[in-house]
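input19.txt (compact mmCIF, C-alpha atoms and all ligand atoms) appears below.
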# COMPACT_ATOMS: atom_id res chain seq x y z
CA MET A 1077 -85.53 64.69 -75.37
CA SER A 1078 -86.18 67.42 -72.81
CA GLY A 1079 -88.97 68.01 -70.39
CA VAL A 1080 -89.97 71.46 -69.14
CA GLU A 1081 -90.08 72.29 -65.43
CA VAL A 1082 -91.79 75.44 -64.22
CA THR A 1083 -91.24 76.24 -60.55
CA ALA A 1084 -93.11 78.93 -58.58
CA VAL A 1085 -93.39 81.20 -61.61
CA SER A 1086 -95.27 84.48 -61.16
CA LYS A 1087 -95.95 87.27 -63.63
CA ARG A 1088 -97.61 90.59 -62.96
CA TYR A 1089 -98.65 93.37 -65.31
CA GLY A 1090 -99.09 96.48 -63.20
CA ALA A 1091 -101.42 95.55 -60.35
CA ALA A 1092 -102.73 92.43 -62.11
CA THR A 1093 -101.23 89.06 -61.16
CA VAL A 1094 -101.48 87.09 -64.40
CA LEU A 1095 -99.59 84.01 -63.19
CA ASP A 1096 -99.56 83.19 -59.49
CA ARG A 1097 -96.77 80.82 -58.38
CA ILE A 1098 -97.24 78.27 -61.14
CA THR A 1099 -95.47 74.96 -60.61
CA ALA A 1100 -95.86 72.43 -63.38
CA SER A 1101 -93.88 69.83 -65.18
CA PHE A 1102 -94.25 69.01 -68.85
CA GLU A 1103 -92.83 65.54 -69.34
CA ALA A 1104 -90.30 64.79 -72.06
CA GLY A 1105 -91.88 63.37 -75.19
CA ARG A 1106 -95.43 63.89 -73.91
CA PHE A 1107 -98.35 65.91 -75.20
CA THR A 1108 -99.57 68.17 -72.39
CA SER A 1109 -102.49 70.57 -72.70
CA LEU A 1110 -102.84 73.80 -70.79
CA LEU A 1111 -106.60 74.15 -70.57
CA GLY A 1112 -108.33 77.25 -69.29
CA PRO A 1113 -110.77 80.00 -70.19
CA SER A 1114 -109.75 83.13 -72.04
CA GLY A 1115 -107.64 85.38 -69.82
CA SER A 1116 -106.49 82.61 -67.45
CA GLY A 1117 -102.82 83.11 -68.39
CA LYS A 1118 -102.22 80.28 -70.88
CA THR A 1119 -100.46 82.37 -73.54
CA THR A 1120 -98.38 84.17 -70.92
CA LEU A 1121 -97.12 80.84 -69.55
CA LEU A 1122 -96.33 79.61 -73.06
CA ARG A 1123 -94.47 82.84 -73.85
CA ILE A 1124 -92.42 82.37 -70.68
CA VAL A 1125 -91.41 78.89 -71.85
CA ALA A 1126 -90.52 80.34 -75.26
CA GLY A 1127 -88.56 83.21 -73.74
CA PHE A 1128 -90.66 86.13 -75.02
CA VAL A 1129 -91.68 86.97 -71.45
CA ILE A 1130 -89.40 86.91 -68.40
CA PRO A 1131 -91.21 85.95 -65.17
CA ASP A 1132 -91.05 88.26 -62.13
CA GLU A 1133 -90.33 85.27 -59.91
CA GLY A 1134 -89.63 81.60 -60.26
CA GLU A 1135 -87.54 79.34 -62.39
CA LEU A 1136 -87.79 77.62 -65.74
CA ARG A 1137 -85.84 74.56 -66.81
CA ILE A 1138 -85.71 72.91 -70.21
CA GLY A 1139 -84.04 69.55 -69.83
CA ALA A 1140 -81.20 69.95 -67.34
CA ALA A 1141 -80.60 73.63 -68.12
CA GLU A 1142 -81.93 76.56 -66.13
CA VAL A 1143 -83.17 78.96 -68.84
CA THR A 1144 -85.31 81.54 -67.01
CA ARG A 1145 -83.32 84.44 -68.46
CA VAL A 1146 -81.93 82.82 -71.60
CA PRO A 1147 -82.98 84.79 -74.71
CA VAL A 1148 -85.48 83.32 -77.20
CA TRP A 1149 -82.93 82.69 -79.93
CA LYS A 1150 -80.73 80.59 -77.66
CA ARG A 1151 -83.64 78.28 -76.76
CA ARG A 1152 -84.54 75.48 -79.13
CA ILE A 1153 -88.27 76.06 -79.33
CA GLY A 1154 -90.75 75.50 -82.15
CA MET A 1155 -93.92 77.55 -81.94
CA VAL A 1156 -97.25 77.62 -83.78
CA PHE A 1157 -99.86 80.30 -83.19
CA GLN A 1158 -103.54 80.62 -83.97
CA SER A 1159 -102.73 82.85 -86.94
CA TYR A 1160 -100.38 80.99 -89.25
CA ALA A 1161 -98.13 84.00 -89.89
CA LEU A 1162 -96.67 82.53 -93.09
CA PHE A 1163 -94.67 84.83 -95.35
CA PRO A 1164 -97.01 85.52 -98.27
CA HIS A 1165 -94.23 86.32 -100.76
CA MET A 1166 -92.37 83.04 -100.14
CA THR A 1167 -93.23 79.58 -101.42
CA VAL A 1168 -94.19 76.78 -99.04
CA LEU A 1169 -90.65 75.38 -99.20
CA GLU A 1170 -89.07 78.79 -98.57
CA ASN A 1171 -91.38 79.34 -95.61
CA VAL A 1172 -90.26 76.07 -94.05
CA MET A 1173 -86.58 76.74 -94.85
CA PHE A 1174 -86.69 80.20 -93.29
CA GLY A 1175 -86.12 79.01 -89.71
CA LEU A 1176 -83.23 76.82 -90.85
CA ASN A 1177 -81.56 79.67 -92.74
CA ARG A 1178 -81.73 81.81 -89.64
CA ARG A 1179 -79.87 79.06 -87.81
CA GLY A 1180 -77.19 78.96 -90.47
CA VAL A 1181 -78.43 75.87 -92.32
CA ARG A 1182 -78.54 76.76 -96.03
CA GLY A 1183 -78.55 75.36 -99.55
CA PRO A 1184 -79.31 71.74 -100.41
CA SER A 1185 -79.20 70.47 -96.83
CA ALA A 1186 -81.81 73.06 -95.78
CA ALA A 1187 -84.01 72.10 -98.72
CA LYS A 1188 -83.67 68.42 -97.82
CA GLU A 1189 -84.66 69.00 -94.18
CA ALA A 1190 -87.56 71.23 -95.23
CA ARG A 1191 -88.82 68.51 -97.61
CA GLU A 1192 -88.67 65.98 -94.77
CA ALA A 1193 -90.70 68.28 -92.53
CA LEU A 1194 -93.25 68.78 -95.31
CA GLU A 1195 -93.48 65.02 -95.71
CA MET A 1196 -94.14 64.71 -91.99
CA VAL A 1197 -97.16 67.06 -92.30
CA ARG A 1198 -98.20 65.33 -95.55
CA LEU A 1199 -97.61 68.28 -97.87
CA THR A 1200 -95.20 66.67 -100.32
CA GLY A 1201 -95.97 68.13 -103.77
CA PHE A 1202 -96.96 71.56 -102.38
CA GLU A 1203 -93.38 72.93 -102.13
CA ALA A 1204 -93.68 75.49 -104.94
CA ARG A 1205 -97.10 76.87 -104.00
CA SER A 1206 -97.63 80.21 -102.36
CA PRO A 1207 -99.52 80.28 -99.03
CA LYS A 1208 -102.56 81.89 -100.61
CA GLN A 1209 -102.98 78.83 -102.84
CA LEU A 1210 -103.54 76.70 -99.73
CA SER A 1211 -106.59 76.01 -97.54
CA GLY A 1212 -106.55 77.08 -93.89
CA GLY A 1213 -105.72 73.53 -92.77
CA GLN A 1214 -102.84 73.29 -95.24
CA GLN A 1215 -101.47 76.66 -94.15
CA GLN A 1216 -101.52 75.47 -90.57
CA ARG A 1217 -99.59 72.34 -91.64
CA VAL A 1218 -96.93 74.58 -93.20
CA ALA A 1219 -96.70 76.51 -89.93
CA LEU A 1220 -96.27 73.19 -88.14
CA ALA A 1221 -93.57 72.05 -90.59
CA ARG A 1222 -91.78 75.34 -90.04
CA ALA A 1223 -91.88 74.78 -86.26
CA ILE A 1224 -90.60 71.19 -86.34
CA VAL A 1225 -87.98 71.55 -89.10
CA THR A 1226 -85.41 72.99 -86.70
CA LYS A 1227 -85.76 69.89 -84.47
CA PRO A 1228 -86.70 71.88 -81.39
CA GLU A 1229 -86.44 70.55 -77.85
CA VAL A 1230 -89.99 71.70 -77.17
CA LEU A 1231 -92.98 72.35 -79.43
CA LEU A 1232 -95.34 75.08 -78.23
CA LEU A 1233 -98.80 75.31 -79.79
CA ASP A 1234 -101.05 78.27 -78.91
CA GLU A 1235 -104.63 77.43 -79.95
CA PRO A 1236 -103.34 76.42 -83.40
CA LEU A 1237 -106.64 74.91 -84.54
CA SER A 1238 -109.11 77.53 -83.38
CA ALA A 1239 -109.23 79.37 -86.71
CA LEU A 1240 -110.26 76.21 -88.57
CA ASP A 1241 -113.83 75.07 -89.10
CA ARG A 1242 -115.08 72.08 -87.15
CA ARG A 1243 -114.34 69.34 -89.69
CA LEU A 1244 -110.86 70.59 -90.52
CA ARG A 1245 -110.16 71.02 -86.83
CA GLN A 1246 -111.03 67.38 -86.14
CA GLU A 1247 -108.86 66.27 -89.05
CA MET A 1248 -105.95 68.37 -87.81
CA GLN A 1249 -106.38 67.00 -84.27
CA VAL A 1250 -105.72 63.51 -85.61
CA GLU A 1251 -102.73 64.82 -87.63
CA LEU A 1252 -101.28 66.72 -84.69
CA LYS A 1253 -101.46 63.65 -82.51
CA ARG A 1254 -99.77 61.53 -85.20
CA ILE A 1255 -97.01 64.11 -85.79
CA GLN A 1256 -96.37 64.41 -82.07
CA ARG A 1257 -96.21 60.62 -81.70
CA GLU A 1258 -93.92 60.16 -84.69
CA SER A 1259 -91.61 63.04 -83.81
CA GLY A 1260 -91.63 62.30 -80.08
CA LEU A 1261 -91.48 66.06 -79.38
CA THR A 1262 -92.23 67.40 -75.93
CA THR A 1263 -95.39 69.35 -76.74
CA ILE A 1264 -97.31 72.00 -74.79
CA PHE A 1265 -100.68 72.70 -76.34
CA VAL A 1266 -102.76 75.66 -75.23
CA THR A 1267 -106.52 75.43 -75.66
CA HIS A 1268 -109.81 76.59 -74.16
CA ASP A 1269 -111.58 73.63 -75.79
CA GLN A 1270 -112.18 70.79 -73.33
CA GLU A 1271 -112.95 68.22 -76.02
CA GLU A 1272 -109.69 69.02 -77.82
CA ALA A 1273 -107.74 68.70 -74.57
CA LEU A 1274 -109.39 65.37 -73.71
CA THR A 1275 -108.85 63.76 -77.11
CA LEU A 1276 -105.27 64.92 -77.74
CA SER A 1277 -103.47 64.95 -74.43
CA ASP A 1278 -101.30 62.57 -72.46
CA ARG A 1279 -101.75 65.01 -69.59
CA ILE A 1280 -103.86 68.10 -68.92
CA ALA A 1281 -103.18 71.04 -66.62
CA ILE A 1282 -106.21 73.21 -65.85
CA LEU A 1283 -105.52 76.90 -65.42
CA ASP A 1284 -107.91 79.19 -63.54
CA ARG A 1285 -107.04 82.86 -63.02
CA GLY A 1286 -103.29 82.35 -63.15
CA ARG A 1287 -103.19 79.18 -61.05
CA ILE A 1288 -103.00 75.53 -61.99
CA VAL A 1289 -105.96 74.03 -60.16
CA GLN A 1290 -105.42 70.43 -61.22
CA ASP A 1291 -103.20 68.38 -63.48
CA GLY A 1292 -103.13 64.74 -64.44
CA VAL A 1293 -104.09 62.28 -67.15
CA PRO A 1294 -107.40 63.15 -68.88
CA GLY A 1295 -109.39 60.27 -67.37
CA GLU A 1296 -108.24 61.08 -63.85
CA ILE A 1297 -109.18 64.75 -64.09
CA TYR A 1298 -112.53 63.91 -65.64
CA GLU A 1299 -113.40 61.15 -63.15
CA ARG A 1300 -111.96 62.85 -60.04
CA PRO A 1301 -112.13 66.63 -60.43
CA ARG A 1302 -110.98 68.40 -57.29
CA THR A 1303 -112.76 71.73 -57.55
CA ARG A 1304 -116.05 73.05 -58.89
CA PHE A 1305 -114.10 74.95 -61.52
CA ALA A 1306 -112.29 71.82 -62.75
CA ALA A 1307 -115.51 69.76 -62.68
CA GLY A 1308 -117.43 72.40 -64.63
CA PHE A 1309 -114.72 73.37 -67.11
CA LEU A 1310 -113.71 69.87 -68.15
CA GLY A 1311 -117.09 68.28 -68.84
CA ASP A 1312 -120.50 68.88 -67.27
CA ALA A 1313 -121.40 68.31 -63.64
CA ASN A 1314 -124.39 68.28 -61.31
CA PHE A 1315 -123.52 69.95 -58.03
CA LEU A 1316 -125.29 68.87 -54.84
CA GLU A 1317 -124.73 70.95 -51.70
CA GLY A 1318 -125.23 69.29 -48.36
CA THR A 1319 -124.06 68.65 -44.82
CA VAL A 1320 -121.74 65.80 -43.85
CA THR A 1321 -123.30 63.21 -41.50
CA ALA A 1322 -121.96 59.99 -39.97
CA SER A 1323 -123.01 57.90 -43.00
CA GLY A 1324 -122.78 60.29 -45.94
CA VAL A 1325 -124.07 63.71 -46.95
CA GLU A 1326 -127.56 65.02 -46.33
CA VAL A 1327 -128.83 66.77 -49.47
CA ALA A 1328 -132.30 68.32 -49.27
CA GLY A 1329 -133.48 65.76 -46.72
CA ALA A 1330 -132.04 62.73 -48.55
CA LEU A 1331 -128.91 60.79 -47.62
CA VAL A 1332 -126.30 60.68 -50.38
CA ARG A 1333 -123.54 58.10 -50.02
CA VAL A 1334 -120.00 58.93 -51.04
CA ALA A 1335 -117.20 56.42 -51.69
CA GLY A 1336 -114.33 58.88 -51.11
CA LYS A 1337 -113.14 60.73 -48.04
CA LEU A 1338 -115.42 63.41 -46.57
CA PRO A 1339 -114.69 66.33 -44.24
CA ALA A 1340 -115.79 66.12 -40.57
CA ALA A 1341 -119.48 65.56 -39.73
CA GLY A 1342 -121.39 68.84 -39.68
CA SER A 1343 -119.27 70.44 -42.45
CA LYS A 1344 -120.88 71.84 -45.57
CA VAL A 1345 -119.75 70.11 -48.74
CA THR A 1346 -120.48 70.23 -52.48
CA LEU A 1347 -120.72 66.92 -54.34
CA ALA A 1348 -120.27 66.61 -58.09
CA VAL A 1349 -121.94 63.93 -60.20
CA ARG A 1350 -121.33 63.65 -63.96
CA PRO A 1351 -124.60 63.72 -65.94
CA GLU A 1352 -123.93 60.39 -67.68
CA LYS A 1353 -123.45 58.62 -64.35
CA MET A 1354 -127.09 59.19 -63.34
CA THR A 1355 -129.91 56.94 -64.53
CA ILE A 1356 -133.56 57.99 -64.80
CA LEU A 1357 -135.89 55.50 -63.14
CA ALA A 1358 -139.62 55.35 -62.54
CA PRO A 1359 -140.36 56.79 -59.07
CA ASN A 1360 -139.68 54.46 -56.15
CA THR A 1361 -138.24 51.68 -58.34
CA ALA A 1362 -136.00 49.26 -56.47
CA SER A 1363 -132.52 49.52 -57.93
CA SER A 1364 -128.95 48.58 -57.14
CA PHE A 1365 -127.83 52.23 -56.99
CA GLU A 1366 -126.67 53.43 -53.57
CA ASN A 1367 -128.08 56.88 -54.23
CA ALA A 1368 -131.53 58.04 -55.28
CA LEU A 1369 -133.07 61.49 -55.49
CA PRO A 1370 -136.60 62.42 -56.60
CA ALA A 1371 -136.81 64.85 -59.53
CA THR A 1372 -139.21 66.19 -62.13
CA LEU A 1373 -138.37 65.89 -65.81
CA ARG A 1374 -138.59 69.29 -67.49
CA GLU A 1375 -137.21 68.80 -70.96
CA VAL A 1376 -135.73 66.17 -73.25
CA ILE A 1377 -133.21 67.32 -75.86
CA TYR A 1378 -132.91 64.61 -78.50
CA ALA A 1379 -129.60 64.49 -80.40
CA GLY A 1380 -129.71 61.18 -82.25
CA ALA A 1381 -127.27 58.93 -80.42
CA VAL A 1382 -127.81 60.60 -77.06
CA SER A 1383 -130.43 62.67 -75.29
CA THR A 1384 -129.99 65.30 -72.61
CA TYR A 1385 -132.62 65.27 -69.88
CA LEU A 1386 -133.13 68.49 -67.92
CA LEU A 1387 -134.68 67.94 -64.51
CA THR A 1388 -135.57 69.81 -61.33
CA GLY A 1389 -134.70 68.29 -57.95
CA ALA A 1390 -137.05 68.29 -54.96
CA ASP A 1391 -135.32 71.42 -53.62
CA GLY A 1392 -135.63 73.24 -56.95
CA ARG A 1393 -132.09 72.61 -58.10
CA GLU A 1394 -131.50 72.06 -61.82
CA LEU A 1395 -130.05 68.72 -62.82
CA LYS A 1396 -128.89 67.21 -66.08
CA VAL A 1397 -128.65 63.60 -67.27
CA PHE A 1398 -127.03 62.32 -70.47
CA ALA A 1399 -128.26 58.98 -71.79
CA GLN A 1400 -127.59 56.97 -74.90
CA ASN A 1401 -130.71 56.29 -76.94
CA ARG A 1402 -130.51 52.54 -76.61
CA ALA A 1403 -133.65 50.50 -77.30
CA GLN A 1404 -136.49 52.40 -75.72
CA ASP A 1405 -134.56 53.62 -72.65
CA GLY A 1406 -135.97 56.82 -71.32
CA ALA A 1407 -138.52 56.96 -74.09
CA GLY A 1408 -141.31 56.37 -71.59
CA PHE A 1409 -140.61 59.60 -69.69
CA GLN A 1410 -142.36 62.75 -70.80
CA PRO A 1411 -141.72 66.29 -69.58
CA GLY A 1412 -143.62 66.81 -66.34
CA ALA A 1413 -143.07 63.22 -65.17
CA SER A 1414 -141.97 62.49 -61.63
CA VAL A 1415 -138.88 60.28 -61.68
CA THR A 1416 -136.07 59.02 -59.49
CA LEU A 1417 -132.40 59.60 -60.33
CA GLY A 1418 -130.18 56.69 -59.37
CA TRP A 1419 -126.37 56.69 -59.22
CA SER A 1420 -123.57 55.07 -57.29
CA ALA A 1421 -121.48 56.26 -54.36
CA ALA A 1422 -118.32 55.78 -56.45
CA HIS A 1423 -119.54 58.47 -58.87
CA THR A 1424 -120.21 61.00 -56.13
CA ILE A 1425 -117.19 63.27 -55.85
CA PRO A 1426 -116.71 65.65 -52.92
CA MET A 1427 -115.32 69.04 -54.05
CA GLU A 1428 -112.46 70.63 -52.16
CA ASP A 1429 -113.95 74.13 -52.43
N1 LIG B 1501 -98.35 92.46 -72.19
C1 LIG B 1501 -99.38 92.54 -71.36
N2 LIG B 1501 -99.66 93.65 -70.66
C2 LIG B 1501 -100.69 93.71 -69.81
N3 LIG B 1501 -101.54 92.71 -69.57
C3 LIG B 1501 -101.34 91.57 -70.23
C4 LIG B 1501 -100.26 91.41 -71.15
N4 LIG B 1501 -100.31 90.14 -71.65
C5 LIG B 1501 -101.37 89.55 -71.06
N5 LIG B 1501 -102.00 90.39 -70.22
C6 LIG B 1501 -103.19 90.07 -69.40
O1 LIG B 1501 -102.94 88.85 -68.73
C7 LIG B 1501 -104.10 88.04 -68.63
C8 LIG B 1501 -103.83 86.68 -69.20
O2 LIG B 1501 -103.59 86.78 -70.59
P1 LIG B 1501 -103.22 85.56 -71.50
O3 LIG B 1501 -102.00 84.90 -70.96
O4 LIG B 1501 -103.18 86.03 -72.90
O5 LIG B 1501 -104.47 84.60 -71.27
P2 LIG B 1501 -105.06 83.43 -72.18
O6 LIG B 1501 -104.05 83.04 -73.21
O7 LIG B 1501 -105.39 82.33 -71.20
O8 LIG B 1501 -106.31 83.96 -72.79
C9 LIG B 1501 -105.19 88.80 -69.35
O9 LIG B 1501 -105.97 89.47 -68.40
C10 LIG B 1501 -104.42 89.77 -70.22
O10 LIG B 1501 -105.17 90.93 -70.46
MG MG B 1502 -104.16 83.00 -75.30
Take the structure in the file and give it back as structure tokens.
Ligand SMILES: Nc1ncnc2c1ncn2[C@@H]1O[C@H](COP(=O)(O)OP(=O)(O)O)[C@@H](O)[C@H]1O
Ligand SMILES: [Mg+2]
Amino acid sequence: MSGVEVTAVSKRYGAATVLDRITASFEAGRFTSLLGPSGSGKTTLLRIVAGFVIPDEGELRIGAAEVTRVPVWKRRIGMVFQSYALFPHMTVLENVMFGLNRRGVRGPSAAKEAREALEMVRLTGFEARSPKQLSGGQQQRVALARAIVTKPEVLLLDEPLSALDRRLRQEMQVELKRIQRESGLTTIFVTHDQEEALTLSDRIAILDRGRIVQDGVPGEIYERPRTRFAAGFLGDANFLEGTVTASGVEVAGALVRVAGKLPAAGSKVTLAVRPEKMTILAPNTASSFENALPATLREVIYAGAVSTYLLTGADGRELKVFAQNRAQDGAGFQPGASVTLGWSAAHTIPMED
């Protein structure tokens, strides 16, 4: 089992720096997501790991070997793209055997290995079909079988589920996770979908304009985002700007307490608070929360299990609260109501930028 180590990798196209000194490690046997918006460099980084793109600077290791300039065909990589790229004139079994044939595995042993890969993606019985007799989800499973049949050191997945509709995508997420767990393959999964990254990954690396701005386990990135970009891209956040004082941060005339470390008194700082960490209270209610801010409720968006409350702070800032629709919680508040938002110091996260 091999991990992937990327060290100070840069890639430029003309004047544009697409990857800017990326250092990241993708642990052996783990499922790591590269999460970032379109154009942030995710595919380029994946193509560097695969060997389709050679970086201008930096080093790439797969396992113990330095492979920065090793050609694609000498790397043991399995890859699945957004478009399945199956051969339409070949059967399912022939599609899966194709990669093996190219590596010199032929005849009955190739067929046996291909059948095992199809079993892994739960497509036993579909061997003789042609790709056009399959649903989108099934085609993507064939593509996955084709990628894992060669027993690669690393599995690279570039937004493989984005062409599927919502239900199929959720089904395939569960399947992907199972296949990765059962095969134990080191997997790098590229996505722009935060929910997908959160539910699937052992680790997440967030990419912003060619730089990794944060990486860690999903819960850590969600609970302790370091930058406004990370806080806003993975989940929702309320941002409060203020000035550091001796006992906390002054935000629009109110003192906000922070559990973590703050910059020196007098500095400007932005605090992030996740919308589900705030509670809507009647104005001036005594509560156990360390922090309270007055706000006006503008709108309630009811979505069955949860509601989203849109509010305006005393200084005009827009705020958002998520609450589960338990009992009659929140039901007493109508748009236009004056309320107090309560939350704890531990859920108040100073941003580094
Ligand atoms: N072969 C190329 N030539 C020129 N520019 C490229 C090339 N490949 C990618 N880019 C540019 O690099 C940036 C990052 O692209 P990409 O890695 O595909 O991002 P992502 O997968 O995150 O959407 C984009 O601005 C894209 O236009
Ligand atoms: Mg891409």
Report task. Extract, using all atoms listed in the file, all DNA, RNA and protein residues at most 8 Å from Ala1281 of chain A, discarding same-chain residues fewer than 6 positions from it, and format them as a list in words. Result ->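 The filter keeps Thr1108, Ser1109, Leu1110, Leu1111, Ile1288, Val1289, Gln1290, Asp1291 and Gly1292 of chain A.
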**Report entry** Interatomic distance, atom C2 of ligand LIG 1501 (chain B) to atom CA of Arg1145 of chain A (Å, one decimal)
**Finding:**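 Rounded to one decimal, the two atoms are 19.7 Å apart.
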Report task. Pick out the residues no farther than 12 Å from ligand MG 1502 (chain B), counting all atoms listed in the file, and list them as a list in words. Result -> Val1094, Leu1110, Leu1111, Gly1112, Pro1113, Ser1114, Gly1115, Ser1116, Gly1117, Lys1118, Thr1119, Thr1120, Leu1121, Leu1122, Arg1123, Phe1157, Gln1158, Ser1159, Leu1233, Asp1234, Glu1235, Pro1236, Ser1238, Phe1265, Val1266, Thr1267, His1268, Asp1269 and Leu1283 of chain A
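Interatomic distance, atom CA of Val1345 of chain A against atom CA of Val1320 of chain A: 6.8 Å.
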Query raised in the report: Which residue out of A:Asp1096, A:Gly1212, A:Arg1285, A:Ser1420 has the minimum interatomic distance to ligand LIG 1501 (chain B) when all atoms listed in the file are used?
Result: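 Ranking A:Asp1096, A:Gly1212, A:Arg1285, A:Ser1420 by distance to ligand LIG 1501 (chain B), first place goes to A:Arg1285.
Here the question is which of A:Ile1138, A:Met1166, A:Leu1310, A:Ala1421 gets nearest to Gly1324 of chain A using only C-alpha atoms, and that residue is A:Ala1421.
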Would you mind putting all heavy atoms back on segment 1378-1385 of chain A and writing the result as a PDB file, keeping the file's coordinate frame?
ATOM      1  N   TYR A1378    -133.270  65.796 -77.726  1.00  0.00           N
ATOM      2  CA  TYR A1378    -132.910  64.610 -78.500  1.00  0.00           C
ATOM      3  C   TYR A1378    -131.794  64.966 -79.474  1.00  0.00           C
ATOM      4  O   TYR A1378    -131.909  65.945 -80.209  1.00  0.00           O
ATOM      5  CB  TYR A1378    -134.146  64.132 -79.247  1.00  0.00           C
ATOM      6  CG  TYR A1378    -133.901  62.956 -80.158  1.00  0.00           C
ATOM      7  CD1 TYR A1378    -133.809  61.667 -79.651  1.00  0.00           C
ATOM      8  CD2 TYR A1378    -133.764  63.137 -81.533  1.00  0.00           C
ATOM      9  CE1 TYR A1378    -133.579  60.587 -80.478  1.00  0.00           C
ATOM     10  CE2 TYR A1378    -133.534  62.062 -82.376  1.00  0.00           C
ATOM     11  CZ  TYR A1378    -133.439  60.791 -81.844  1.00  0.00           C
ATOM     12  OH  TYR A1378    -133.213  59.737 -82.665  1.00  0.00           O
ATOM     13  N   ALA A1379    -130.697  64.203 -79.478  1.00  0.00           N
ATOM     14  CA  ALA A1379    -129.600  64.490 -80.400  1.00  0.00           C
ATOM     15  C   ALA A1379    -129.137  63.230 -81.114  1.00  0.00           C
ATOM     16  O   ALA A1379    -127.949  63.007 -81.290  1.00  0.00           O
ATOM     17  CB  ALA A1379    -128.444  65.148 -79.647  1.00  0.00           C
ATOM     18  N   GLY A1380    -130.078  62.384 -81.514  1.00  0.00           N
ATOM     19  CA  GLY A1380    -129.710  61.180 -82.250  1.00  0.00           C
ATOM     20  C   GLY A1380    -129.189  60.091 -81.336  1.00  0.00           C
ATOM     21  O   GLY A1380    -129.962  59.373 -80.715  1.00  0.00           O
ATOM     22  N   ALA A1381    -127.872  59.998 -81.231  1.00  0.00           N
ATOM     23  CA  ALA A1381    -127.270  58.930 -80.420  1.00  0.00           C
ATOM     24  C   ALA A1381    -127.545  59.102 -78.931  1.00  0.00           C
ATOM     25  O   ALA A1381    -127.669  58.135 -78.189  1.00  0.00           O
ATOM     26  CB  ALA A1381    -125.759  58.896 -80.659  1.00  0.00           C
ATOM     27  N   VAL A1382    -127.603  60.343 -78.491  1.00  0.00           N
ATOM     28  CA  VAL A1382    -127.810  60.600 -77.060  1.00  0.00           C
ATOM     29  C   VAL A1382    -128.931  61.618 -76.864  1.00  0.00           C
ATOM     30  O   VAL A1382    -129.271  62.380 -77.778  1.00  0.00           O
ATOM     31  CB  VAL A1382    -126.534  61.173 -76.384  1.00  0.00           C
ATOM     32  CG1 VAL A1382    -125.425  60.139 -76.349  1.00  0.00           C
ATOM     33  CG2 VAL A1382    -126.069  62.428 -77.089  1.00  0.00           C
ATOM     34  N   SER A1383    -129.491  61.611 -75.666  1.00  0.00           N
ATOM     35  CA  SER A1383    -130.430  62.670 -75.290  1.00  0.00           C
ATOM     36  C   SER A1383    -129.943  63.310 -74.002  1.00  0.00           C
ATOM     37  O   SER A1383    -129.293  62.659 -73.179  1.00  0.00           O
ATOM     38  CB  SER A1383    -131.839  62.112 -75.070  1.00  0.00           C
ATOM     39  OG  SER A1383    -132.404  61.747 -76.306  1.00  0.00           O
ATOM     40  N   THR A1384    -130.250  64.600 -73.861  1.00  0.00           N
ATOM     41  CA  THR A1384    -129.990  65.300 -72.610  1.00  0.00           C
ATOM     42  C   THR A1384    -131.338  65.505 -71.924  1.00  0.00           C
ATOM     43  O   THR A1384    -132.284  65.992 -72.546  1.00  0.00           O
ATOM     44  CB  THR A1384    -129.337  66.668 -72.876  1.00  0.00           C
ATOM     45  OG1 THR A1384    -128.081  66.438 -73.519  1.00  0.00           O
ATOM     46  CG2 THR A1384    -129.105  67.442 -71.595  1.00  0.00           C
ATOM     47  N   TYR A1385    -131.398  65.099 -70.663  1.00  0.00           N
ATOM     48  CA  TYR A1385    -132.620  65.270 -69.880  1.00  0.00           C
ATOM     49  C   TYR A1385    -132.369  66.390 -68.869  1.00  0.00           C
ATOM     50  O   TYR A1385    -131.418  66.324 -68.094  1.00  0.00           O
ATOM     51  CB  TYR A1385    -132.970  63.978 -69.142  1.00  0.00           C
ATOM     52  CG  TYR A1385    -133.293  62.835 -70.076  1.00  0.00           C
ATOM     53  CD1 TYR A1385    -132.275  62.083 -70.662  1.00  0.00           C
ATOM     54  CD2 TYR A1385    -134.614  62.524 -70.401  1.00  0.00           C
ATOM     55  CE1 TYR A1385    -132.567  61.044 -71.545  1.00  0.00           C
ATOM     56  CE2 TYR A1385    -134.923  61.486 -71.275  1.00  0.00           C
ATOM     57  CZ  TYR A1385    -133.889  60.759 -71.843  1.00  0.00           C
ATOM     58  OH  TYR A1385    -134.183  59.744 -72.713  1.00  0.00           O
TER      59      TYR A1385
END
